[in-house]
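Beneath this line is the structure, given in structure tokens, with notes to follow.
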Amino acid sequence: MATTPNLHQTLHLTLKTFLHGPIEATTEKNPSLLSSVLSPDCLRYIAPASFLASIGAPPDFAFDVATWEAQYASESRFIGTKSVDITHLVVDAETMTGAARTAYIDNLHLANGENEEVKLDVSWFVNFNENGEKITEVTEILDGLVFVEVHRRIRELKEEGKGKAGA
């Protein structure tokens with residue numbers, strides 16, 4: 001397959017848009033912005049399998065678009081994404097794949113009304129559709145230790161029935 005600079009640019013823009021989705025979703029308070037460049041049937045896998053096993057999830061666990069948006073919406077009053085540092089972003093127009101390493105800065109909204117910054121490192125591997133405008137599959141490799149701690153704290157905030165709305 002011959003590649004063109006325009007296809008490469010499209011893949012790059014699609015991946016960057018996806019990686020900025022949590023910021024847009026937080027700012028606009030709209031979980032669908034997480035999925036603006038995902039195909040409707042896109043599945044989002046979380047890895048490694050050892051991490052999934054440690055939280056009691058099956059090794060082939062995946063979120064569909066609607067489930068991911070609902071999960072985000074259920075937690076958005078407790079945590080919001082402030083910024084992302086994207087490094088090592090690469091796309092391959094021959095294989096229609098992309099990858100990036102990111103560091104998200106999230107605000108955990110504490111019951112006392114204060115915010116606590118949390119840094120979550122995530123590596124991403126994606127597959128694109130034929131024109132590169134949609135992502136058809138996502139594999140997310142995340143910092144399991146930070147993820148588990150943040151979600152433990154979110155569960156505590158939910159149990160308290162508190163949390164500050166907004167980012």
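By convention here, the chains of the structure tokens are called A, B, ... in the order presented, each chain's residues are numbered starting at 1, and ligands are numbered starting at 1 in the order presented.
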Inset, instruction - Would you mind listing what lies within 7 Å of region 82-89 of chain A as a list in words, with only C-alpha atoms counted and same-chain residues fewer than 6 positions away left out? - result: Ile23, Ala99, Ala100, Arg101, Thr102, Ala103, Tyr104, Ile105, Asp106 and Asn107 of chain A
Inset, instruction - Select from region 12-165 of chain A everything DSSP, run on the backbone, classes as helix (DSSP H, G or I), then give the selection as number ranges by chain. - result: A: 12-28, 31-35, 49-54, 65-75, 144-160
Inset, instruction - Within 12 Å of Val150 (chain A), counting only C-alpha atoms, which residues show up once you throw out same-chain ones fewer than 4 positions away? Write them as JSON, numbers by chain, please. - result: {"A": [75, 78, 79, 80, 106, 107, 108, 109, 110, 116, 117, 118, 119, 120, 143, 144, 145, 146, 154, 155, 156, 157]}
Preceding selection exported with C-alpha atoms as a short mmCIF file (atom, residue, chain, number, x, y, z; two decimals), in the first residue's frame:
```
data_model
loop_
_atom_site.label_atom_id
_atom_site.label_comp_id
_atom_site.auth_asym_id
_atom_site.auth_seq_id
_atom_site.Cartn_x
_atom_site.Cartn_y
_atom_site.Cartn_z
CA GLU A 75 -16.47 8.99 38.07
CA PHE A 78 -14.52 12.77 41.52
CA ILE A 79 -11.71 13.07 38.97
CA GLY A 80 -10.97 15.13 35.88
CA ASP A 106 -5.65 14.41 36.74
CA ASN A 107 -7.33 16.30 39.55
CA LEU A 108 -8.83 14.08 42.23
CA HIS A 109 -11.68 16.11 43.75
CA LEU A 110 -11.50 15.57 47.50
CA GLU A 116 -5.09 16.67 44.51
CA GLU A 117 -2.99 16.22 41.39
CA VAL A 118 -2.31 12.67 40.29
CA LYS A 119 -0.01 11.64 37.44
CA LEU A 120 -1.00 8.57 35.45
CA ASP A 143 0.59 2.42 35.56
CA GLY A 144 -1.23 -0.21 37.58
CA LEU A 145 -0.07 0.99 41.00
CA VAL A 146 -1.33 4.54 40.48
CA ILE A 154 -12.71 7.27 44.07
CA ARG A 155 -14.62 4.36 45.63
CA GLU A 156 -14.11 5.95 49.05
CA LEU A 157 -15.39 9.32 47.79
#
```
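Checking A:Trp68, A:Phe51, A:Tyr45, A:Phe61 one by one against Pro22 (chain A), counting only C-alpha atoms, you find the shortest gap at A:Trp68.
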Inset, instruction - Determine which residues of chain A DSSP labels as strand (DSSP E) from the backbone of this structure, then write them out as a ChimeraX atom specification. - result: /A:38-47,62-64,79-92,97-109,115-128,135-142
Legend entry - Shortest interatomic distance to Asn30 (chain A) - which of A:Arg77, A:Arg44, A:Lys16, A:Lys134, counting only C-alpha atoms: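 Of A:Arg77, A:Arg44, A:Lys16, A:Lys134, the one nearest Asn30 (chain A), counting only C-alpha atoms, is A:Arg77.
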Inset, instruction - Find the spatial neighbours of Ser54 (chain A), counting only C-alpha atoms, within a cut-off of 10 Å - ignore same-chain residues fewer than 4 positions away - and output them as a list of chain:residue names. - result: A:Ala49, A:Ser50, A:Pro58, A:Gly144, A:Val148
Inset, instruction - Find the residue from A:Ser76, A:Pro40, A:Ile46, A:His8 that sits nearest to Glu28 (chain A); use only C-alpha atoms when measuring. - result: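 Between A:Ser76, A:Pro40, A:Ile46, A:His8, the residue approaching Glu28 (chain A) most closely is A:Ser76.
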Legend entry - Contact residues around Phe125 (chain A) with only C-alpha atoms at 6 Å, ignoring same-chain residues under 4 positions, as a list in words: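 With the cut-off at 6 Å, the set is Gly98, Ala99, Val138 and Thr139 of chain A.
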Inset, instruction - Quick one: pull the distance between CA of Tyr72 (chain A) and CA of Lys158 (chain A), Å, one decimal. - result: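 Distance reported for this atom pair: 13.6 Å.
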